[in-house]
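Shown below: structure_6.txt, with compact mmCIF, C-alpha atoms.
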```
# COMPACT_ATOMS: atom_id res chain seq x y z
CA MET A 1 147.46 110.63 122.81
CA ALA A 2 146.27 114.03 121.58
CA ILE A 3 142.79 114.06 120.08
CA THR A 4 142.54 116.53 117.21
CA ALA A 5 139.48 118.34 115.92
CA ALA A 6 139.90 116.44 112.67
CA ASP A 7 139.67 113.13 114.57
CA VAL A 8 136.52 114.24 116.35
CA ASN A 9 134.93 115.41 113.11
CA LYS A 10 135.80 112.15 111.36
CA LEU A 11 134.07 110.14 114.09
CA ARG A 12 131.12 112.53 114.04
CA GLN A 13 130.74 112.06 110.29
CA GLN A 14 130.97 108.29 110.72
CA THR A 15 128.42 107.96 113.53
CA GLY A 16 126.33 111.13 113.60
CA ALA A 17 127.04 111.51 117.33
CA GLY A 18 127.57 114.93 118.95
CA MET A 19 130.99 116.56 119.05
CA MET A 20 131.50 116.13 122.81
CA ASP A 21 130.31 112.51 122.71
CA CYS A 22 132.80 111.81 119.91
CA LYS A 23 135.63 113.55 121.73
CA ASN A 24 134.92 111.70 124.98
CA ALA A 25 134.73 108.37 123.15
CA LEU A 26 138.06 109.02 121.44
CA VAL A 27 139.67 110.02 124.73
CA GLU A 28 138.33 106.89 126.43
CA SER A 29 139.59 104.71 123.55
CA ASN A 30 142.97 106.43 123.37
CA GLY A 31 142.25 107.52 119.83
CA ASP A 32 141.21 104.09 118.51
CA PHE A 33 138.32 104.69 116.12
CA GLU A 34 136.89 101.15 116.22
CA THR A 35 136.80 101.19 120.02
CA ALA A 36 135.31 104.70 120.01
CA VAL A 37 132.47 103.52 117.73
CA ASP A 38 131.81 100.62 120.13
CA ILE A 39 131.74 103.04 123.07
CA LEU A 40 129.11 105.15 121.28
CA ARG A 41 127.09 102.04 120.43
CA LYS A 42 127.14 100.92 124.06
CA LYS A 43 125.98 104.37 125.08
CA GLY A 44 123.05 103.91 122.72
CA GLN A 45 122.22 100.56 124.32
CA LYS A 46 122.25 102.12 127.79
CA ILE A 47 119.97 104.95 126.71
CA ALA A 48 117.69 102.47 124.95
CA ALA A 49 117.39 100.47 128.18
CA LYS A 50 116.62 103.62 130.19
CA ARG A 51 114.01 104.89 127.73
CA GLY A 52 112.44 101.52 127.03
CA GLU A 53 109.18 102.41 128.81
CA ASN A 54 108.85 105.79 127.11
CA GLU A 55 106.19 106.29 124.48
CA ALA A 56 107.40 106.79 120.91
CA ARG A 57 104.35 108.19 119.13
CA GLU A 58 106.04 110.66 116.78
CA GLY A 59 108.20 109.74 113.82
CA LEU A 60 108.13 109.38 110.06
CA ILE A 61 106.49 107.03 107.58
CA ILE A 62 107.91 106.62 104.08
CA ALA A 63 106.42 104.54 101.26
CA GLU A 64 108.38 103.95 98.06
CA ALA A 65 108.21 101.72 95.00
CA THR A 66 111.13 100.03 93.28
CA ALA A 67 112.51 101.55 90.07
CA ASP A 68 110.46 99.13 87.95
CA ALA A 69 107.35 99.70 90.14
CA LYS A 70 106.87 95.95 90.52
CA ALA A 71 107.21 96.12 94.29
CA GLY A 72 107.08 98.66 97.09
CA VAL A 73 107.76 99.05 100.79
CA ILE A 74 106.37 101.18 103.59
CA VAL A 75 108.39 101.84 106.76
CA THR A 76 107.52 103.51 110.09
CA LEU A 77 110.27 104.63 112.45
CA ASN A 78 108.92 106.15 115.66
CA CYS A 79 110.61 108.60 118.01
CA GLU A 80 109.44 110.47 121.11
CA THR A 81 109.19 114.06 119.91
CA ASP A 82 108.08 115.99 116.87
CA PHE A 83 111.31 118.01 117.09
CA VAL A 84 113.38 114.92 116.31
CA ALA A 85 110.98 113.73 113.60
CA LYS A 86 111.42 117.01 111.71
CA ASN A 87 115.22 116.81 111.78
CA ASP A 88 116.87 116.27 108.39
CA GLY A 89 119.23 113.69 109.88
CA TYR A 90 116.30 111.67 111.18
CA ARG A 91 114.62 111.71 107.80
CA ALA A 92 117.89 110.57 106.22
CA LEU A 93 117.99 107.66 108.69
CA VAL A 94 114.46 106.56 107.79
CA GLN A 95 115.18 106.91 104.07
CA SER A 96 118.32 104.79 104.42
CA ILE A 97 116.24 102.01 106.03
CA VAL A 98 113.68 102.31 103.21
CA ASP A 99 116.50 101.95 100.66
CA ILE A 100 117.75 98.80 102.38
CA ALA A 101 114.22 97.39 102.40
CA LEU A 102 113.78 98.14 98.68
CA ASN A 103 117.07 96.47 97.82
CA ASN A 104 116.37 93.32 99.86
CA MET A 105 112.55 93.08 100.14
CA PRO A 106 112.54 91.41 103.58
CA SER A 107 109.29 89.72 104.58
CA SER A 108 108.97 91.13 108.12
CA VAL A 109 110.13 93.82 110.53
CA GLU A 110 112.37 91.28 112.25
CA GLU A 111 114.04 90.33 108.97
CA LEU A 112 114.51 94.01 108.08
CA LYS A 113 116.15 94.67 111.46
CA SER A 114 118.58 91.80 110.90
CA LEU A 115 119.80 93.08 107.52
CA LYS A 116 123.17 94.82 107.19
CA TYR A 117 123.01 98.58 107.51
CA ASP A 118 126.67 98.93 106.58
CA ASP A 119 129.88 96.89 106.86
CA LYS A 120 129.74 96.95 110.66
CA LEU A 121 126.16 97.30 111.84
CA SER A 122 122.79 95.69 111.26
CA VAL A 123 119.70 97.90 110.85
CA ASP A 124 118.73 97.11 114.44
CA GLU A 125 122.22 97.99 115.71
CA LYS A 126 122.18 101.24 113.72
CA ILE A 127 118.88 102.21 115.35
CA THR A 128 120.36 101.47 118.78
CA GLU A 129 123.41 103.58 117.91
CA GLN A 130 121.14 106.46 116.91
CA ILE A 131 119.24 106.20 120.20
CA GLY A 132 122.55 107.15 121.81
CA VAL A 133 123.10 109.96 119.32
CA ILE A 134 119.57 111.39 119.49
CA GLY A 135 118.80 110.61 123.12
CA GLU A 136 115.27 109.36 122.44
CA LYS A 137 113.62 105.99 122.14
CA LEU A 138 113.40 104.89 118.49
CA ASP A 139 111.18 102.05 117.33
CA LEU A 140 110.98 100.44 113.90
CA SER A 141 107.31 99.73 114.50
CA GLY A 142 105.93 99.17 111.02
CA TYR A 143 107.00 97.54 107.79
CA ALA A 144 105.05 96.09 104.88
CA THR A 145 105.61 95.26 101.25
CA ILE A 146 103.51 94.73 98.13
CA LYS A 147 104.43 93.01 94.86
CA ALA A 148 102.22 93.48 91.81
CA ASP A 149 102.22 94.39 88.12
CA LYS A 150 102.22 98.03 89.21
CA VAL A 151 102.89 99.37 92.71
CA VAL A 152 102.15 103.01 93.51
CA ALA A 153 103.31 104.79 96.68
CA TYR A 154 101.72 107.88 98.22
CA ASN A 155 103.31 109.94 101.00
CA HIS A 156 101.02 112.50 102.59
CA PRO A 157 102.75 115.85 103.27
CA GLY A 158 104.55 115.67 106.61
CA ASN A 159 105.12 111.92 106.32
CA GLN A 160 102.71 111.05 109.14
CA LEU A 161 100.66 108.94 106.73
CA ALA A 162 101.59 106.85 103.70
CA THR A 163 100.01 104.21 101.48
CA LEU A 164 100.95 101.55 98.94
CA VAL A 165 98.63 100.21 96.25
CA GLY A 166 99.25 97.19 94.02
CA LEU A 167 97.39 96.87 90.71
CA ASN A 168 97.01 94.12 88.10
CA SER A 169 98.26 96.21 85.15
CA SER A 170 101.50 98.03 84.37
CA THR A 171 100.12 100.57 81.88
CA GLU A 172 100.37 104.33 82.23
CA ALA A 173 96.61 104.44 82.77
CA ALA A 174 97.00 102.00 85.65
CA GLU A 175 99.69 104.16 87.23
CA ASP A 176 97.56 107.30 86.99
CA ALA A 177 94.55 105.50 88.46
CA GLY A 178 96.76 103.95 91.14
CA LYS A 179 97.83 107.40 92.33
CA GLN A 180 94.18 108.36 92.77
CA VAL A 181 93.39 105.16 94.64
CA ALA A 182 96.47 105.53 96.86
CA MET A 183 95.11 108.93 97.95
CA GLN A 184 91.67 107.34 98.42
CA VAL A 185 93.20 104.81 100.81
CA ALA A 186 94.90 107.64 102.70
CA ALA A 187 91.70 109.67 103.00
CA MET A 188 89.10 106.95 103.61
CA ASN A 189 91.07 104.31 105.55
CA PRO A 190 89.36 101.17 104.22
CA ILE A 191 89.66 98.05 106.39
CA ALA A 192 89.81 95.58 103.49
CA LEU A 193 89.87 95.32 99.71
CA ASN A 194 86.32 93.95 99.52
CA LYS A 195 83.82 92.25 101.81
CA ASP A 196 85.61 88.91 101.43
CA GLY A 197 88.60 90.45 103.19
CA VAL A 198 86.68 91.50 106.30
CA ASP A 199 87.36 89.13 109.18
CA ALA A 200 84.55 87.07 110.72
CA ARG A 201 84.75 88.78 114.12
CA THR A 202 84.16 92.20 112.59
CA ILE A 203 81.17 90.89 110.63
CA GLU A 204 79.68 89.25 113.73
CA ARG A 205 80.15 92.44 115.74
CA GLU A 206 78.48 94.59 113.07
CA ILE A 207 75.50 92.20 112.87
CA GLU A 208 75.08 92.18 116.65
CA VAL A 209 75.29 95.97 116.84
CA GLY A 210 72.83 96.27 113.95
CA LYS A 211 70.34 93.93 115.63
CA GLU A 212 70.64 95.71 118.97
CA LEU A 213 70.04 99.10 117.34
CA ALA A 214 66.97 97.77 115.50
CA ILE A 215 65.52 96.34 118.70
CA GLN A 216 66.17 99.63 120.51
CA GLU A 217 64.26 101.35 117.68
CA GLY A 218 61.27 99.10 118.49
CA LYS A 219 61.60 96.67 115.56
CA PRO A 220 60.49 93.04 116.13
CA ALA A 221 63.22 90.39 116.40
CA ASP A 222 62.53 88.84 112.98
CA MET A 223 62.86 92.24 111.29
CA ALA A 224 65.95 93.13 113.35
CA GLU A 225 67.92 90.38 111.61
CA LYS A 226 67.06 91.73 108.13
CA ILE A 227 67.78 95.31 109.21
CA ALA A 228 71.15 94.21 110.61
CA GLN A 229 72.04 92.58 107.29
CA GLY A 230 71.14 95.79 105.48
CA ARG A 231 73.35 97.78 107.82
CA LEU A 232 76.14 95.27 107.28
CA ASN A 233 75.95 95.83 103.53
CA LYS A 234 76.20 99.58 104.13
CA PHE A 235 79.22 98.93 106.38
CA PHE A 236 80.88 97.02 103.51
CA GLN A 237 80.15 99.87 101.10
CA GLU A 238 81.69 102.46 103.41
CA ASN A 239 84.67 100.47 104.66
CA THR A 240 85.95 98.23 101.86
CA LEU A 241 88.08 99.91 99.21
CA LEU A 242 86.52 98.70 95.97
CA SER A 243 82.98 99.40 97.22
CA GLN A 244 83.70 102.86 98.62
CA ALA A 245 82.42 105.95 96.86
CA PHE A 246 85.33 107.39 94.88
CA VAL A 247 86.42 110.59 96.66
CA ARG A 248 86.85 112.58 93.43
CA ASP A 249 83.44 111.52 92.07
CA ASN A 250 81.11 110.05 94.69
CA LYS A 251 78.64 108.97 92.01
CA VAL A 252 80.87 105.97 91.24
CA THR A 253 82.64 103.40 93.39
CA VAL A 254 86.39 102.89 93.35
CA GLU A 255 85.80 99.66 91.43
CA GLN A 256 83.79 101.51 88.77
CA PHE A 257 86.41 104.26 88.54
CA LEU A 258 89.13 101.68 87.91
CA GLY A 259 87.01 100.06 85.20
CA THR A 260 86.62 103.35 83.36
CA ALA A 261 90.39 104.02 83.61
CA GLU A 262 91.19 100.65 82.03
CA LYS A 263 89.00 97.63 81.35
CA GLY A 264 89.60 94.92 83.95
CA LEU A 265 91.82 97.14 86.10
CA THR A 266 91.63 96.39 89.82
CA VAL A 267 93.54 96.65 93.06
CA LEU A 268 95.23 93.46 94.26
CA ASP A 269 96.42 94.75 97.64
CA PHE A 270 96.98 97.92 99.63
CA LYS A 271 98.78 99.06 102.79
CA ARG A 272 98.15 102.14 104.93
CA PHE A 273 100.29 103.30 107.86
CA SER A 274 99.44 106.32 110.00
CA LEU A 275 100.87 107.84 113.18
CA SER A 276 97.47 109.16 114.29
```

How does the structure come out when it is put into structure tokens?
Amino acid sequence: MAITAADVNKLRQQTGAGMMDCKNALVESNGDFETAVDILRKKGQKIAAKRGENEAREGLIIAEATADAKAGVIVTLNCETDFVAKNDGYRALVQSIVDIALNNMPSSVEELKSLKYDDKLSVDEKITEQIGVIGEKLDLSGYATIKADKVVAYNHPGNQLATLVGLNSSTEAAEDAGKQVAMQVAAMNPIALNKDGVDARTIEREIEVGKELAIQEGKPADMAEKIAQGRLNKFFQENTLLSQAFVRDNKVTVEQFLGTAEKGLTVLDFKRFSLS
């Protein structure tokens, strides 16, 4: 049957595939749209298999809170090149996945991938379809969620870095402070909320390094242990969020800043995703 330009454009609008790919799929399917969509999906699977070993280090990260700010999600979709990452269509794809996550609040990447993207495809299948359209490896590599009295999202310009912060208060003061802390997390990359959140292996490694440095400096073994503990405390101050110096006023810690914004205000959880 004759394939019209209107048919090709309709399939292009439906799938996002290139004009020639849509025309060829329609020709192969004898004008059957459902079959043509399947042909394009299979093409995506073939390209995904071919590009499976390629590195996907570029991409976009988007963090967003729900309308009531009681929850938030952060999503990373990787691609191979910066050119693709800057494409408006690619950003729309990532945003559509964020919207699905916000509406369903899945608990893991795997659960997010299994959710319906539309009436025909799952999120995972949509990504595979877009691999065929874009011609690059795509990887939904990161997903996290926070639920709290107030969740604040921060997206650094360029969407290569984003953060989520959950606080124990829903006031306007908490929201304003949360925005500042979300930027703090982006800038200072804390490894935990406080020292209780630092894993035992990290603590052991810092103590061992501290002792070794003290011994190299000529300190006796009994003093090396005390020096290592002192260095560990400094490590906690520099690397745990609530103990860090507040970037906008390094005379106070983040914990102290929160207390001045609102009595008893604190951070319950945070997430930080970065492509670099």

Is there a way to get, as a PDB file with C-alpha atoms, in the coordinates of the input, all residues within 12 Å of the point (134.6, 118.0, 123.4) in file coordinates, counting all atoms listed in the file?
```
ATOM      1  CA  ILE A   3     142.790 114.060 120.080  1.00  0.00           C
ATOM      2  CA  THR A   4     142.540 116.530 117.210  1.00  0.00           C
ATOM      3  CA  ALA A   5     139.480 118.340 115.920  1.00  0.00           C
ATOM      4  CA  ASP A   7     139.670 113.130 114.570  1.00  0.00           C
ATOM      5  CA  VAL A   8     136.520 114.240 116.350  1.00  0.00           C
ATOM      6  CA  ASN A   9     134.930 115.410 113.110  1.00  0.00           C
ATOM      7  CA  ARG A  12     131.120 112.530 114.040  1.00  0.00           C
ATOM      8  CA  ALA A  17     127.040 111.510 117.330  1.00  0.00           C
ATOM      9  CA  GLY A  18     127.570 114.930 118.950  1.00  0.00           C
ATOM     10  CA  MET A  19     130.990 116.560 119.050  1.00  0.00           C
ATOM     11  CA  MET A  20     131.500 116.130 122.810  1.00  0.00           C
ATOM     12  CA  ASP A  21     130.310 112.510 122.710  1.00  0.00           C
ATOM     13  CA  CYS A  22     132.800 111.810 119.910  1.00  0.00           C
ATOM     14  CA  LYS A  23     135.630 113.550 121.730  1.00  0.00           C
ATOM     15  CA  ASN A  24     134.920 111.700 124.980  1.00  0.00           C
ATOM     16  CA  ALA A  25     134.730 108.370 123.150  1.00  0.00           C
ATOM     17  CA  LEU A  26     138.060 109.020 121.440  1.00  0.00           C
ATOM     18  CA  VAL A  27     139.670 110.020 124.730  1.00  0.00           C
TER      19      VAL A  27
END
```

message: So that I can check the surroundings of A:Tyr154, please list as a count of residues only every protein, DNA and RNA residue that reaches within 9 Å of it, counting only C-alpha atoms and ignoring chain neighbours fewer than 5 positions away.
response: 12

Stretch 258-262 of chain A surroundings by only C-alpha atoms, 12 Å radius, close-in-sequence under 4 positions cut, as an mmCIF file with C-alpha atoms, in the coordinates of the input:
```cif
data_model
loop_
_atom_site.group_PDB
_atom_site.id
_atom_site.type_symbol
_atom_site.label_atom_id
_atom_site.label_comp_id
_atom_site.auth_asym_id
_atom_site.auth_seq_id
_atom_site.Cartn_x
_atom_site.Cartn_y
_atom_site.Cartn_z
ATOM 1 C CA LEU A 167 97.390 96.870 90.710
ATOM 2 C CA ASN A 168 97.010 94.120 88.100
ATOM 3 C CA SER A 169 98.260 96.210 85.150
ATOM 4 C CA SER A 170 101.500 98.030 84.370
ATOM 5 C CA THR A 171 100.120 100.570 81.880
ATOM 6 C CA GLU A 172 100.370 104.330 82.230
ATOM 7 C CA ALA A 173 96.610 104.440 82.770
ATOM 8 C CA ALA A 174 97.000 102.000 85.650
ATOM 9 C CA GLU A 175 99.690 104.160 87.230
ATOM 10 C CA ASP A 176 97.560 107.300 86.990
ATOM 11 C CA ALA A 177 94.550 105.500 88.460
ATOM 12 C CA GLY A 178 96.760 103.950 91.140
ATOM 13 C CA LYS A 179 97.830 107.400 92.330
ATOM 14 C CA GLN A 180 94.180 108.360 92.770
ATOM 15 C CA VAL A 181 93.390 105.160 94.640
ATOM 16 C CA LEU A 241 88.080 99.910 99.210
ATOM 17 C CA LEU A 242 86.520 98.700 95.970
ATOM 18 C CA SER A 243 82.980 99.400 97.220
ATOM 19 C CA ALA A 245 82.420 105.950 96.860
ATOM 20 C CA PHE A 246 85.330 107.390 94.880
ATOM 21 C CA VAL A 252 80.870 105.970 91.240
ATOM 22 C CA THR A 253 82.640 103.400 93.390
ATOM 23 C CA VAL A 254 86.390 102.890 93.350
ATOM 24 C CA THR A 266 91.630 96.390 89.820
ATOM 25 C CA VAL A 267 93.540 96.650 93.060
#
```

- prompt: Which residues, written as a list in words, have at least one atom at most 10 Å from A:Lys116, with only C-alpha atoms counted and residues fewer than 6 positions away on the same chain left out?
  reply: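 Selected residues are Ile100, Ser122, Val123, Asp124, Glu125 and Lys126 of chain A.
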
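Note that the spacing between atom CA of A:Ile39 and atom CA of A:Gln14 amounts to 13.4 Å.
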
- prompt: atom CA of A:Lys147 and atom CA of A:Gly72 are how many Å apart?
  reply: 6.6 Å

- prompt: At what distance in Å, to one decimal, does atom CA of A:Val73 lie from atom CA of A:Ile97?
  reply: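 About the pair atom CA of A:Ile97 and atom CA of A:Val73: they are 10.4 Å apart.
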
Start from the incomplete input, build N, CA and C atoms for stretch 201-212 of chain A, and deliver everything as an mmCIF file, keeping the file's coordinate frame.
```cif
data_model
loop_
_atom_site.group_PDB
_atom_site.id
_atom_site.type_symbol
_atom_site.label_atom_id
_atom_site.label_comp_id
_atom_site.auth_asym_id
_atom_site.auth_seq_id
_atom_site.Cartn_x
_atom_site.Cartn_y
_atom_site.Cartn_z
ATOM 1 N N ARG A 201 85.086 88.112 112.852
ATOM 2 C CA ARG A 201 84.750 88.780 114.120
ATOM 3 C C ARG A 201 84.150 90.151 113.878
ATOM 4 N N THR A 202 84.694 90.873 112.916
ATOM 5 C CA THR A 202 84.160 92.200 112.590
ATOM 6 C C THR A 202 82.736 92.086 112.055
ATOM 7 N N ILE A 203 82.511 91.101 111.193
ATOM 8 C CA ILE A 203 81.170 90.890 110.630
ATOM 9 C C ILE A 203 80.177 90.547 111.737
ATOM 10 N N GLU A 204 80.564 89.636 112.622
ATOM 11 C CA GLU A 204 79.680 89.250 113.730
ATOM 12 C C GLU A 204 79.354 90.448 114.615
ATOM 13 N N ARG A 205 80.372 91.268 114.890
ATOM 14 C CA ARG A 205 80.150 92.440 115.740
ATOM 15 C C ARG A 205 79.192 93.422 115.078
ATOM 16 N N GLU A 206 79.352 93.655 113.768
ATOM 17 C CA GLU A 206 78.480 94.590 113.070
ATOM 18 C C GLU A 206 77.038 94.085 113.033
ATOM 19 N N ILE A 207 76.853 92.763 112.869
ATOM 20 C CA ILE A 207 75.500 92.200 112.870
ATOM 21 C C ILE A 207 74.849 92.354 114.234
ATOM 22 N N GLU A 208 75.616 92.063 115.292
ATOM 23 C CA GLU A 208 75.080 92.180 116.650
ATOM 24 C C GLU A 208 74.707 93.620 116.966
ATOM 25 N N VAL A 209 75.580 94.552 116.601
ATOM 26 C CA VAL A 209 75.290 95.970 116.840
ATOM 27 C C VAL A 209 74.052 96.392 116.037
ATOM 28 N N GLY A 210 73.973 95.934 114.792
ATOM 29 C CA GLY A 210 72.830 96.270 113.950
ATOM 30 C C GLY A 210 71.524 95.745 114.512
ATOM 31 N N LYS A 211 71.546 94.508 115.018
ATOM 32 C CA LYS A 211 70.340 93.930 115.630
ATOM 33 C C LYS A 211 69.929 94.691 116.889
ATOM 34 N N GLU A 212 70.916 95.008 117.713
ATOM 35 C CA GLU A 212 70.640 95.710 118.970
ATOM 36 C C GLU A 212 70.034 97.086 118.694
#
```
